[in-house]
$ cat input34.pdb   # PDB, C-alpha atoms
MODEL        1
ATOM      1  CA  MET A  17     -21.796   8.142 -31.224  1.00  0.00           C
ATOM      2  CA  PHE A  18     -19.630   5.240 -32.370  1.00  0.00           C
ATOM      3  CA  TYR A  19     -15.890   4.839 -32.001  1.00  0.00           C
ATOM      4  CA  THR A  20     -13.431   2.685 -33.887  1.00  0.00           C
ATOM      5  CA  ILE A  21     -11.225   0.297 -31.990  1.00  0.00           C
ATOM      6  CA  GLY A  22      -8.348   2.766 -32.314  1.00  0.00           C
ATOM      7  CA  GLU A  23     -10.422   5.648 -30.974  1.00  0.00           C
ATOM      8  CA  MET A  24     -11.726   3.623 -28.038  1.00  0.00           C
ATOM      9  CA  ALA A  25      -8.244   2.309 -27.267  1.00  0.00           C
ATOM     10  CA  GLN A  26      -6.977   5.881 -27.210  1.00  0.00           C
ATOM     11  CA  ARG A  27      -9.789   6.945 -24.861  1.00  0.00           C
ATOM     12  CA  LEU A  28      -8.894   4.069 -22.512  1.00  0.00           C
ATOM     13  CA  ASN A  29      -5.143   4.566 -22.904  1.00  0.00           C
ATOM     14  CA  VAL A  30      -4.600   0.972 -24.046  1.00  0.00           C
ATOM     15  CA  ALA A  31      -3.318  -0.553 -27.256  1.00  0.00           C
ATOM     16  CA  PRO A  32      -5.912  -1.512 -29.888  1.00  0.00           C
ATOM     17  CA  SER A  33      -4.460  -5.028 -29.702  1.00  0.00           C
ATOM     18  CA  THR A  34      -5.657  -5.181 -26.073  1.00  0.00           C
ATOM     19  CA  LEU A  35      -9.240  -4.600 -27.158  1.00  0.00           C
ATOM     20  CA  ARG A  36      -8.864  -7.118 -29.967  1.00  0.00           C
ATOM     21  CA  TYR A  37      -7.553  -9.643 -27.455  1.00  0.00           C
ATOM     22  CA  TYR A  38     -10.484  -9.011 -25.094  1.00  0.00           C
ATOM     23  CA  ASP A  39     -12.854  -9.490 -28.013  1.00  0.00           C
ATOM     24  CA  LYS A  40     -11.116 -12.709 -29.110  1.00  0.00           C
ATOM     25  CA  GLU A  41     -11.446 -14.017 -25.532  1.00  0.00           C
ATOM     26  CA  GLY A  42     -15.199 -13.372 -25.583  1.00  0.00           C
ATOM     27  CA  LEU A  43     -15.073 -10.488 -23.132  1.00  0.00           C
ATOM     28  CA  LEU A  44     -16.773  -7.952 -25.415  1.00  0.00           C
ATOM     29  CA  PRO A  45     -20.059  -9.566 -26.452  1.00  0.00           C
ATOM     30  CA  PHE A  46     -21.764  -6.189 -26.114  1.00  0.00           C
ATOM     31  CA  VAL A  47     -19.713  -4.543 -28.875  1.00  0.00           C
ATOM     32  CA  GLU A  48     -21.645  -4.022 -32.081  1.00  0.00           C
ATOM     33  CA  ARG A  49     -20.172  -4.636 -35.491  1.00  0.00           C
ATOM     34  CA  SER A  50     -20.781  -2.904 -38.773  1.00  0.00           C
ATOM     35  CA  SER A  51     -21.992  -4.845 -41.802  1.00  0.00           C
ATOM     36  CA  GLY A  52     -18.315  -5.110 -42.752  1.00  0.00           C
ATOM     37  CA  GLY A  53     -17.423  -6.655 -39.378  1.00  0.00           C
ATOM     38  CA  ILE A  54     -15.731  -3.564 -37.937  1.00  0.00           C
ATOM     39  CA  ARG A  55     -16.130  -3.170 -34.169  1.00  0.00           C
ATOM     40  CA  MET A  56     -18.219  -0.141 -33.275  1.00  0.00           C
ATOM     41  CA  PHE A  57     -17.835   1.006 -29.678  1.00  0.00           C
ATOM     42  CA  LYS A  58     -20.383   3.265 -27.976  1.00  0.00           C
ATOM     43  CA  ASP A  59     -20.019   5.623 -25.038  1.00  0.00           C
ATOM     44  CA  GLU A  60     -21.901   3.100 -22.868  1.00  0.00           C
ATOM     45  CA  ASP A  61     -19.183   0.505 -23.577  1.00  0.00           C
ATOM     46  CA  MET A  62     -16.637   2.659 -21.766  1.00  0.00           C
ATOM     47  CA  GLU A  63     -17.813   1.614 -18.269  1.00  0.00           C
ATOM     48  CA  TRP A  64     -17.685  -2.066 -19.210  1.00  0.00           C
ATOM     49  CA  LEU A  65     -14.225  -1.685 -20.672  1.00  0.00           C
ATOM     50  CA  ARG A  66     -12.962   0.212 -17.641  1.00  0.00           C
ATOM     51  CA  MET A  67     -14.314  -2.515 -15.351  1.00  0.00           C
ATOM     52  CA  LEU A  68     -12.754  -5.185 -17.524  1.00  0.00           C
ATOM     53  CA  GLY A  69      -9.403  -3.376 -17.402  1.00  0.00           C
ATOM     54  CA  CYS A  70      -9.663  -2.993 -13.637  1.00  0.00           C
ATOM     55  CA  LEU A  71     -10.337  -6.700 -13.115  1.00  0.00           C
ATOM     56  CA  LYS A  72      -7.456  -7.590 -15.433  1.00  0.00           C
ATOM     57  CA  LYS A  73      -5.051  -5.267 -13.596  1.00  0.00           C
ATOM     58  CA  ALA A  74      -6.275  -6.752 -10.311  1.00  0.00           C
ATOM     59  CA  GLY A  75      -5.081 -10.136 -11.522  1.00  0.00           C
ATOM     60  CA  MET A  76      -8.459 -11.764 -12.004  1.00  0.00           C
ATOM     61  CA  PRO A  77      -8.170 -14.735 -14.377  1.00  0.00           C
ATOM     62  CA  LEU A  78      -9.852 -14.295 -17.764  1.00  0.00           C
ATOM     63  CA  LYS A  79     -12.250 -17.139 -16.992  1.00  0.00           C
ATOM     64  CA  GLU A  80     -13.519 -15.267 -13.920  1.00  0.00           C
ATOM     65  CA  ILE A  81     -13.662 -11.957 -15.793  1.00  0.00           C
ATOM     66  CA  ARG A  82     -15.766 -13.648 -18.450  1.00  0.00           C
ATOM     67  CA  SER A  83     -18.027 -15.049 -15.730  1.00  0.00           C
ATOM     68  CA  PHE A  84     -18.320 -11.611 -14.116  1.00  0.00           C
ATOM     69  CA  MET A  85     -19.223 -10.007 -17.439  1.00  0.00           C
ATOM     70  CA  GLU A  86     -21.850 -12.694 -18.128  1.00  0.00           C
ATOM     71  CA  LEU A  87     -23.327 -12.271 -14.665  1.00  0.00           C
ATOM     72  CA  SER A  88     -23.448  -8.499 -15.170  1.00  0.00           C
ATOM     73  CA  ARG A  89     -25.412  -8.930 -18.365  1.00  0.00           C
ATOM     74  CA  GLN A  90     -27.925 -11.141 -16.548  1.00  0.00           C
ATOM     75  CA  GLY A  91     -29.017  -8.268 -14.345  1.00  0.00           C
ATOM     76  CA  ASP A  92     -29.974  -7.831 -10.712  1.00  0.00           C
ATOM     77  CA  ALA A  93     -30.494 -11.525  -9.998  1.00  0.00           C
ATOM     78  CA  THR A  94     -26.698 -11.956 -10.016  1.00  0.00           C
ATOM     79  CA  ILE A  95     -25.720  -9.061  -7.753  1.00  0.00           C
ATOM     80  CA  ASN A  96     -24.736 -11.358  -4.866  1.00  0.00           C
ATOM     81  CA  ARG A  97     -22.511 -13.533  -7.062  1.00  0.00           C
ATOM     82  CA  ARG A  98     -20.826 -10.477  -8.611  1.00  0.00           C
ATOM     83  CA  LEU A  99     -20.225  -9.038  -5.165  1.00  0.00           C
ATOM     84  CA  GLU A 100     -18.610 -12.331  -4.114  1.00  0.00           C
ATOM     85  CA  LEU A 101     -16.268 -12.193  -7.113  1.00  0.00           C
ATOM     86  CA  ILE A 102     -15.336  -8.587  -6.366  1.00  0.00           C
ATOM     87  CA  GLU A 103     -14.749  -9.344  -2.670  1.00  0.00           C
ATOM     88  CA  LYS A 104     -12.572 -12.348  -3.540  1.00  0.00           C
ATOM     89  CA  GLN A 105     -10.471 -10.285  -5.938  1.00  0.00           C
ATOM     90  CA  ARG A 106     -10.246  -7.427  -3.469  1.00  0.00           C
ATOM     91  CA  GLN A 107      -8.792  -9.805  -0.866  1.00  0.00           C
ATOM     92  CA  SER A 108      -6.322 -11.047  -3.456  1.00  0.00           C
ATOM     93  CA  VAL A 109      -5.223  -7.480  -4.223  1.00  0.00           C
ATOM     94  CA  LEU A 110      -4.854  -6.714  -0.512  1.00  0.00           C
ATOM     95  CA  GLU A 111      -2.620  -9.777  -0.153  1.00  0.00           C
ATOM     96  CA  GLN A 112      -0.554  -8.676  -3.153  1.00  0.00           C
ATOM     97  CA  GLN A 113      -0.301  -5.237  -1.606  1.00  0.00           C
ATOM     98  CA  ARG A 114       0.928  -6.746   1.694  1.00  0.00           C
ATOM     99  CA  GLN A 115       3.546  -8.794  -0.146  1.00  0.00           C
ATOM    100  CA  LEU A 116       4.689  -5.774  -2.145  1.00  0.00           C
ATOM    101  CA  LYS A 117       5.001  -3.762   1.057  1.00  0.00           C
ATOM    102  CA  GLU A 118       7.279  -6.450   2.510  1.00  0.00           C
ATOM    103  CA  THR A 119       9.283  -6.536  -0.705  1.00  0.00           C
ATOM    104  CA  LEU A 120       9.668  -2.764  -0.728  1.00  0.00           C
ATOM    105  CA  LEU A 121      10.835  -2.800   2.891  1.00  0.00           C
ATOM    106  CA  MET A 122      13.518  -5.342   2.017  1.00  0.00           C
ATOM    107  CA  LEU A 123      14.608  -3.310  -1.009  1.00  0.00           C
ATOM    108  CA  ASP A 124      14.732  -0.153   1.103  1.00  0.00           C
ATOM    109  CA  TYR A 125      16.798  -1.990   3.701  1.00  0.00           C
ATOM    110  CA  LYS A 126      19.270  -3.238   1.096  1.00  0.00           C
ATOM    111  CA  ARG A 127      19.510   0.218  -0.447  1.00  0.00           C
ATOM    112  CA  TRP A 128      20.348   1.672   2.972  1.00  0.00           C
ATOM    113  CA  TYR A 129      22.744  -1.218   3.643  1.00  0.00           C
ATOM    114  CA  TYR A 130      24.713  -0.656   0.450  1.00  0.00           C
ATOM    115  CA  GLN A 131      24.635   3.127   0.686  1.00  0.00           C
ATOM    116  CA  THR A 132      26.091   2.842   4.183  1.00  0.00           C
ATOM    117  CA  ALA A 133      28.671   0.299   3.006  1.00  0.00           C
ATOM    118  CA  GLN A 134      29.566   2.501   0.049  1.00  0.00           C
ATOM    119  CA  ALA A 135      30.146   5.502   2.315  1.00  0.00           C
ATOM    120  CA  ALA A 136      32.318   3.393   4.673  1.00  0.00           C
ATOM    121  CA  GLY A 137      34.068   1.580   1.852  1.00  0.00           C
ATOM    122  CA  THR A 138      33.104  -1.834   3.250  1.00  0.00           C
ATOM    123  CA  CYS A 139      30.107  -3.997   4.112  1.00  0.00           C
ATOM    124  CA  ALA A 140      31.810  -4.821   7.388  1.00  0.00           C
ATOM    125  CA  VAL A 141      30.601  -1.486   8.750  1.00  0.00           C
ATOM    126  CA  HIS A 142      27.318  -3.177   9.683  1.00  0.00           C
ATOM    127  CA  GLU A 143      28.964  -5.809  11.878  1.00  0.00           C
ATOM    128  CA  THR A 144      29.850  -3.276  14.565  1.00  0.00           C
ATOM    129  CA  MET A 145      27.091  -0.749  13.965  1.00  0.00           C
ATOM    130  CA  PRO A 146      25.043  -0.026  17.095  1.00  0.00           C
ATOM    131  CA  LEU A 147      21.329  -0.734  16.698  1.00  0.00           C
ATOM    132  CA  ASP A 148      20.447   2.906  17.361  1.00  0.00           C
ATOM    133  CA  GLN A 149      22.309   3.848  14.140  1.00  0.00           C
ATOM    134  CA  VAL A 150      20.109   1.516  12.100  1.00  0.00           C
ATOM    135  CA  PRO A 151      17.027   3.331  10.759  1.00  0.00           C
ATOM    136  CA  GLU A 152      14.034   2.514  12.946  1.00  0.00           C
ATOM    137  CA  GLN A 153      11.954   0.970  10.139  1.00  0.00           C
ATOM    138  CA  PHE A 154      14.632  -1.735   9.639  1.00  0.00           C
ATOM    139  CA  ARG A 155      15.069  -2.735  13.276  1.00  0.00           C
ATOM    140  CA  PRO A 156      12.133  -5.197  13.288  1.00  0.00           C
ATOM    141  CA  LEU A 157      13.648  -6.907  10.242  1.00  0.00           C
ATOM    142  CA  MET A 158      16.985  -7.262  11.974  1.00  0.00           C
ATOM    143  CA  ALA A 159      15.329  -8.565  15.167  1.00  0.00           C
ATOM    144  CA  GLU A 160      13.428 -11.117  13.081  1.00  0.00           C
ATOM    145  CA  TRP A 161      16.648 -12.275  11.433  1.00  0.00           C
ATOM    146  CA  GLU A 162      18.405 -12.532  14.775  1.00  0.00           C
ATOM    147  CA  ALA A 163      15.537 -14.666  16.157  1.00  0.00           C
ATOM    148  CA  GLU A 164      15.882 -17.039  13.186  1.00  0.00           C
ATOM    149  CA  LYS A 165      19.563 -17.711  13.953  1.00  0.00           C
TER
ENDMDL
END

$ encode --input "input34.pdb" --output "structure tokens"
Amino acid sequence: MFYTIGEMAQRLNVAPSTLRYYDKEGLLPFVERSSGGIRMFKDEDMEWLRMLGCLKKAGMPLKEIRSFMELSRQGDATINRRLELIEKQRQSVLEQQRQLKETLLMLDYKRWYYQTAQAAGTCAVHETMPLDQVPEQFRPLMAEWEAEK
């Protein structure tokens, strides 16, 4: 069964322009075209497109995605190289995840800080607040800041 670009985009929950962009960037060499030049997607293309979307969301540069797709089309002889690319991107995502966790902790701290200040009517409330009244997850942050002084 063949799908139009709109139908495939709907199945993937992406905009048709996303698929057009991927095609323009040379990431969809496997997609057949009708005699009129219309892209004709098959069910088998779904896995490729999902992988492409995953790599894009993971922050892999288009050049590397293109390389990965080319290696995939070359078959089993490129398994090791593809695994290296996946491992490299996985490490990158783990680092992003670590950074986001730190960012979220800071945002949570500031939310608590301002909620507490709002309830007291002043930010000065924190200057005399005993450490045991500070939520436990924020204490390491405060200790780190104190050590930097």

$ closest_residue --input "input34.pdb" --among "A:Leu35, A:Lys117, A:Thr94, A:Gly42" --to "Gly69 of chain A" --atoms "all atoms listed in the file"
A:Leu35

$ resolve_selection --input "input34.pdb" --expression "the PyMOL selection byres ((chain A and resi 27) around 12)" --output "VMD selection string"
chain A and resid 19 to 26 28 to 32 35 57 to 59 61 to 63 65 to 66

$ axis_aligned_box --input "input34.pdb" --around "segment 99-114 of chain A" --padding-each-side "4 Å" --output "lines of an AutoDock Vina configuration file"
center_x = -9.6
center_y = -8.8
center_z = -2.7
size_x = 29.2
size_y = 15.1
size_z = 16.8

$ closest_residue --input "input34.pdb" --among "A:Met85, A:Leu101, A:Met158, A:Met122" --to "Pro45 of chain A" --atoms "only C-alpha atoms"
A:Met85

$ atom_distance --input "input34.pdb" --atom1 "atom CA of Leu87 of chain A" --atom2 "atom CA of Lys72 of chain A"
16.6 Å

$ resolve_selection --input "input34.pdb" --expression "the PyMOL selection byres ((chain A and resi 76) around 12)" --output "list in words"
Met67, Leu68, Gly69, Cys70, Leu71, Lys72, Lys73, Ala74, Gly75, Pro77, Leu78, Lys79, Glu80, Ile81, Arg82, Ser83, Phe84, Leu101, Ile102, Glu103, Lys104, Gln105, Arg106, Gln107, Ser108 and Val109 of chain A

$ atom_distance --input "input34.pdb" --atom1 "atom CA of Pro146 of chain A" --atom2 "atom CA of Leu121 of chain A"
20.3 Å

$ atom_distance --input "input34.pdb" --atom1 "atom CA of Thr119 of chain A" --atom2 "atom CA of Thr144 of chain A"
25.8 Å
